[in-house]
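As structure tokens, the structure follows; a few thoughts come after it.
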Amino acid sequence: MNKINRLMCFLVIIGTTLLLSGCWSKTELTDLAIVAAFGIDKNEEGRYVGTLQIINPGNVAGGMQGGGGSQGPPVSVITGTGDSIVELSRMTSRKLSRRLYYAHTNLVIIGEELAKEESISDILDSLERDAEFRSTAIVVIAQGSKASDMVKVLTAIDKIPANKVIKTLKFTERTWGENISVNMQEAIQTLVSPGKELVVSGFRVSGDVNKGKKTVNMQQTEPSSSLYAGGLAIFKKGKLTQWIDGEAARGSVFLLDKINASAIAVKWEGKDEAIVYELIRQKTKISAKMEKGKPHVFIKVQAEGNIGETRVPTDLTNPHVLLKIEKEVEKEIKKEITIAVKQAQKNKADIFGIGDTLHRTNPKEWKKMSNKWNDVYFPEVTTDIVVDAFIRRTGLRNNPHQVNK
């Protein structure tokens with residue numbers, strides 16, 4: 001019996017080893033060019049220009065360890081051209097001794113001029129089809145510049161510039177509320193949605209771009225060139241049509257239900273921006289229905305926050321005072337949402353998905369309006385906006401330092 005068991009074990013082991021694949025598909029790290037960011041523009045000849053930010057692994061590791069290590073740049077930039085995205089990617093291989101590897105590409109930057117001239121859906125098509133390319137890569141528009149300029153700028157704190165852009169976008173989305181982080185998959189889903197237009201954050205380049213390309217830019221306390229979050233890019237039928245920022249941008253993020261935190265300043269005792277309300281959470285609900293043959297939208301916002309700053313004497317221990325402050329906050333939020341709606345209607349681009357909401361609740365009516373929704377029906381939409389703001393805390397001090405004199 002023991003001999004039979006041993007024989008069976010031996011046969012199982014031999015059989016398992018035959019199924020092992022081994023290292024037939026292995027790829028050495030030294031054979032890969034890891035692309036961190038992919039910038040896309042068009043030149044005067046109408047050809048695509050791809051600017052690829054490629055990681056130098058040895059220089060990144062050396063810089064993070066400190067002391068020894070290479071003093072070279074953490075990334076290299078390679079540029080290629082082609083009549084299509086696929087062609088420019090393959091043409092770029094003539095300049096490299098390694099295979100382009102897109103599995104770690106977290107950032108896609110599209111130049112402003114290209115975004116205006118060509119549908120972004122055509123640009124993202126080849127990237128989505130590539131099984132190696134991440135669908136979670138963040139998409140941004142190079143506001144006021146070419147994508148190549150943004151890709152080439154070296155950054156100080158974050159060794160890899162692509163990471164700097166992504167982290168800046170996510171942090172400003174959490175703390176300020178005028179930007180949103182949109183990945184490639186979300187962008188494509190919005191583009192194919194019949195009742196919603198795309199909105200994407202923009203990024204700007206400040207200072208001297210030529211100096212920003214040099215290693216010395218990341219070694220200065222105040223870099224000659226830097227990257228920072230810009231406004232919101234509004235698309236219509238896949239093409240960039242307008243930029244919005246300030247109150248219109250924050251009101252838009254409110255309506256998109258993507259605002260996490262912000263600082264809302266309100267007027268008090270006759271002084272502008274005398275009290276600052278620190279928004280810590282919110283929830284926005286949008287519903288739509290037909291009234292007398294026309295679409296009508298109901299917007300309800302619930303906001304919760306703290307008192308972050310007071311510039312005039314205010315008795316924050318008085319519940320009636322807090323109620324009045326809440327009313328002022330509600331008025332300010334309602335004003336910003338109203339500005340955002342009017343701006344979108346002026347641009348004839350339903351970035352809030354009101355048409356999508358109407359499609360779900362009134363499919364028959366939507367079928368009649370879908371072809372002319374943005375140009376005819378959306379600009380005439382009427383709204384009811386209700387905001388409910390609540391002050392959770394007033395901070396460590398109830399009575400401010402200011403004294404009436």
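Chain labels follow the order of the structure tokens: the first chain is A, the next B, and so on; residue numbering restarts at 1 in every chain, and ligands are counted from 1 in their shown order.
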
Next on the checklist: I want to know what sits within 8 Å of A:Glu309, based on only C-alpha atoms, with residues of the same chain fewer than 4 positions away left out; could you give that as an NGL selection string?
Outcome noted: :A and (274-277)

Next, dump the selected residues to file, keeping only N, CA and C atoms, as a PDB file, in the first residue's frame.
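Result file is part-v7.pdb:
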```
ATOM      1  N   ALA A 274     -16.760  88.080   5.448  1.00  0.00           N
ATOM      2  CA  ALA A 274     -16.422  88.262   6.864  1.00  0.00           C
ATOM      3  C   ALA A 274     -16.379  86.946   7.632  1.00  0.00           C
ATOM      4  N   ILE A 275     -17.140  85.958   7.182  1.00  0.00           N
ATOM      5  CA  ILE A 275     -17.162  84.648   7.843  1.00  0.00           C
ATOM      6  C   ILE A 275     -16.877  83.572   6.797  1.00  0.00           C
ATOM      7  N   VAL A 276     -15.996  82.653   7.158  1.00  0.00           N
ATOM      8  CA  VAL A 276     -15.638  81.561   6.245  1.00  0.00           C
ATOM      9  C   VAL A 276     -16.213  80.253   6.780  1.00  0.00           C
ATOM     10  N   TYR A 277     -16.993  79.613   5.931  1.00  0.00           N
ATOM     11  CA  TYR A 277     -17.632  78.327   6.245  1.00  0.00           C
ATOM     12  C   TYR A 277     -16.808  77.223   5.595  1.00  0.00           C
TER      13      TYR A 277
END
```

Got a sec: who's within 9 Å of A:His359, counting only C-alpha atoms, leaving out chain neighbours fewer than 5 positions off, as a PDB file with N, CA and C atoms, in the first residue's frame?
```
ATOM      1  N   PRO A 194     -26.167  59.644 -23.724  1.00  0.00           N
ATOM      2  CA  PRO A 194     -26.972  60.513 -24.582  1.00  0.00           C
ATOM      3  C   PRO A 194     -27.387  61.834 -23.931  1.00  0.00           C
ATOM      4  N   GLY A 195     -27.358  61.912 -22.601  1.00  0.00           N
ATOM      5  CA  GLY A 195     -27.867  63.106 -21.934  1.00  0.00           C
ATOM      6  C   GLY A 195     -26.872  63.802 -21.047  1.00  0.00           C
ATOM      7  N   ILE A 354     -28.531  66.344 -16.689  1.00  0.00           N
ATOM      8  CA  ILE A 354     -29.968  66.568 -16.505  1.00  0.00           C
ATOM      9  C   ILE A 354     -30.755  65.785 -17.553  1.00  0.00           C
ATOM     10  N   LYS A 364     -40.231  58.506 -22.863  1.00  0.00           N
ATOM     11  CA  LYS A 364     -40.970  58.874 -24.072  1.00  0.00           C
ATOM     12  C   LYS A 364     -40.734  60.338 -24.446  1.00  0.00           C
ATOM     13  N   GLU A 365     -40.774  61.205 -23.438  1.00  0.00           N
ATOM     14  CA  GLU A 365     -40.541  62.624 -23.697  1.00  0.00           C
ATOM     15  C   GLU A 365     -39.086  62.856 -24.129  1.00  0.00           C
ATOM     16  N   TRP A 366     -38.186  62.124 -23.500  1.00  0.00           N
ATOM     17  CA  TRP A 366     -36.773  62.285 -23.840  1.00  0.00           C
ATOM     18  C   TRP A 366     -36.500  61.897 -25.288  1.00  0.00           C
ATOM     19  N   LYS A 367     -37.169  60.881 -25.759  1.00  0.00           N
ATOM     20  CA  LYS A 367     -36.973  60.434 -27.136  1.00  0.00           C
ATOM     21  C   LYS A 367     -37.297  61.552 -28.132  1.00  0.00           C
ATOM     22  N   SER A 370     -34.237  64.331 -27.491  1.00  0.00           N
ATOM     23  CA  SER A 370     -32.819  63.943 -27.424  1.00  0.00           C
ATOM     24  C   SER A 370     -31.948  64.574 -28.506  1.00  0.00           C
TER      25      SER A 370
END
```

Item to check | Nearest-residue call for A:Asp350, choices A:Lys236, A:Lys285, A:His296, A:Lys211, using only C-alpha atoms | outcome: A:Lys236

Could you pull the residues within 10 Å of A:Glu128, counting only C-alpha atoms, minus those fewer than 6 positions along the same chain, as a compact mmCIF listing (two decimals) with C-alpha atoms, in the first residue's frame?
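Saved file selection_1.txt follows:
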```
# COMPACT_ATOMS: atom_id res chain seq x y z
CA SER A 121 -13.42 60.27 -28.24
CA ARG A 134 -4.78 51.57 -18.02
CA SER A 135 -8.40 52.65 -18.26
CA MET A 184 -10.20 57.61 -19.17
CA GLN A 185 -12.97 55.12 -18.48
CA ILE A 188 -15.55 57.54 -22.40
```

Next on the checklist: When DSSP is applied to the backbone of this structure, which of stretch 80-312 of chain A are assigned alpha helix (DSSP H)? Write them out as an MDAnalysis selection string.
Outcome noted: chainID A and resid 85:92 112:117 120:129 147:152 161:175 184:192 209:212 246:255

Next on the checklist: Between A:Trp373, A:Phe235, A:Trp243, A:Tyr102, which residue has the minimum interatomic distance to A:Thr190, considering only C-alpha atoms?
Outcome noted: A:Phe235

Report the closest atom pair, with its distance in Å rounded to one decimal, for each residue of stretch 258-322 of chain A that has an atom no farther than 12 Å from stretch 374-386 of chain A; count only C-alpha atoms, sort by chain and then rising residue number, and write it as CSV.
```
residue,atom,partner,partner_atom,distance
A:Lys283,CA,A:Val386,CA,11.9
A:Thr284,CA,A:Val386,CA,9.9
A:Lys285,CA,A:Val386,CA,10.1
A:Ile286,CA,A:Ile385,CA,9.5
A:Ser287,CA,A:Thr383,CA,10.0
A:Ala288,CA,A:Thr383,CA,9.1
A:Lys289,CA,A:Val381,CA,10.5
A:Met290,CA,A:Val381,CA,10.0
A:Glu291,CA,A:Thr382,CA,9.8
A:Lys292,CA,A:Thr382,CA,11.8
A:Gly293,CA,A:Tyr377,CA,10.8
A:Lys294,CA,A:Val381,CA,7.4
A:Pro295,CA,A:Val381,CA,5.7
A:His296,CA,A:Thr382,CA,5.1
A:Val297,CA,A:Thr383,CA,4.7
A:Phe298,CA,A:Asp384,CA,4.9
A:Ile299,CA,A:Ile385,CA,4.7
A:Lys300,CA,A:Val386,CA,4.8
A:Val301,CA,A:Val386,CA,6.3
A:Gln302,CA,A:Val386,CA,8.6
A:Ala303,CA,A:Val386,CA,11.0
```

Checklist entry - Of the candidates A:Leu88, A:Val60, A:Ala156, A:Val151, which one gets nearest to A:Leu100 if we count only C-alpha atoms? => result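 Looking at the shortest contact to A:Leu100, the residue is A:Leu88.
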
Next on the checklist: Please identify the strand (DSSP E or B) residues within stretch 130-204 of chain A (assignment by DSSP from backbone atoms) and present them as a PyMOL selection string.
Outcome noted: chain A and resi 138-142+183+199-204

Can you write out the residues you just picked, keeping C-alpha atoms, as a PDB file, in the first residue's frame?
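Listed below is the output, part-v5.pdb:
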```
ATOM      1  CA  ILE A 138      -6.313  60.431 -15.456  1.00  0.00           C
ATOM      2  CA  VAL A 139      -7.214  62.701 -18.375  1.00  0.00           C
ATOM      3  CA  VAL A 140      -6.383  66.440 -18.254  1.00  0.00           C
ATOM      4  CA  ILE A 141      -6.299  69.265 -20.791  1.00  0.00           C
ATOM      5  CA  ALA A 142      -3.212  71.465 -21.175  1.00  0.00           C
ATOM      6  CA  ASN A 183     -10.092  58.989 -15.649  1.00  0.00           C
ATOM      7  CA  VAL A 199     -16.186  68.093 -18.204  1.00  0.00           C
ATOM      8  CA  VAL A 200     -12.451  67.639 -17.507  1.00  0.00           C
ATOM      9  CA  SER A 201      -9.951  69.550 -15.388  1.00  0.00           C
ATOM     10  CA  GLY A 202      -7.269  71.644 -17.005  1.00  0.00           C
ATOM     11  CA  PHE A 203      -3.644  72.106 -15.965  1.00  0.00           C
ATOM     12  CA  ARG A 204      -1.426  75.119 -16.612  1.00  0.00           C
TER      13      ARG A 204
END
```

Next on the checklist: I'd like to know which of A:Leu154, A:Thr105, A:Asn362, A:Ala249 is closest to A:Val216, using only C-alpha atoms.
Outcome noted: A:Leu154

Next on the checklist: From the options A:Thr172, A:Thr51, A:Ser76, A:Ser252, which residue's atoms come nearest to A:Ala340, counting only C-alpha atoms?
Outcome noted: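 Using only C-alpha atoms, A:Ala340 sits closest to A:Ser252.
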
Checklist entry - Could you work out how far atom CA of A:Ile351 lies from atom CA of A:Gly39, giving the answer in Å with one decimal? => result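 Computing it gives 24.6 Å between the two atoms.
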
Item to check | From A:Ala115, A:Leu358, A:Ile339, A:Leu29, residue lying nearest A:Ile244 [only C-alpha atoms] | outcome: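 Looking only at the distances to A:Ile244, the closest residue turns out to be A:Ile339.
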
Next on the checklist: Env of stretch 221-227 of chain A: 9 Å cut, atoms = only C-alpha atoms, seq-sep filter 4 positions within chain, self excluded. Answer as a VMD selection string.
Outcome noted: chain A and resid 150 153 to 156 161 164 to 165 203 to 213 216 to 217
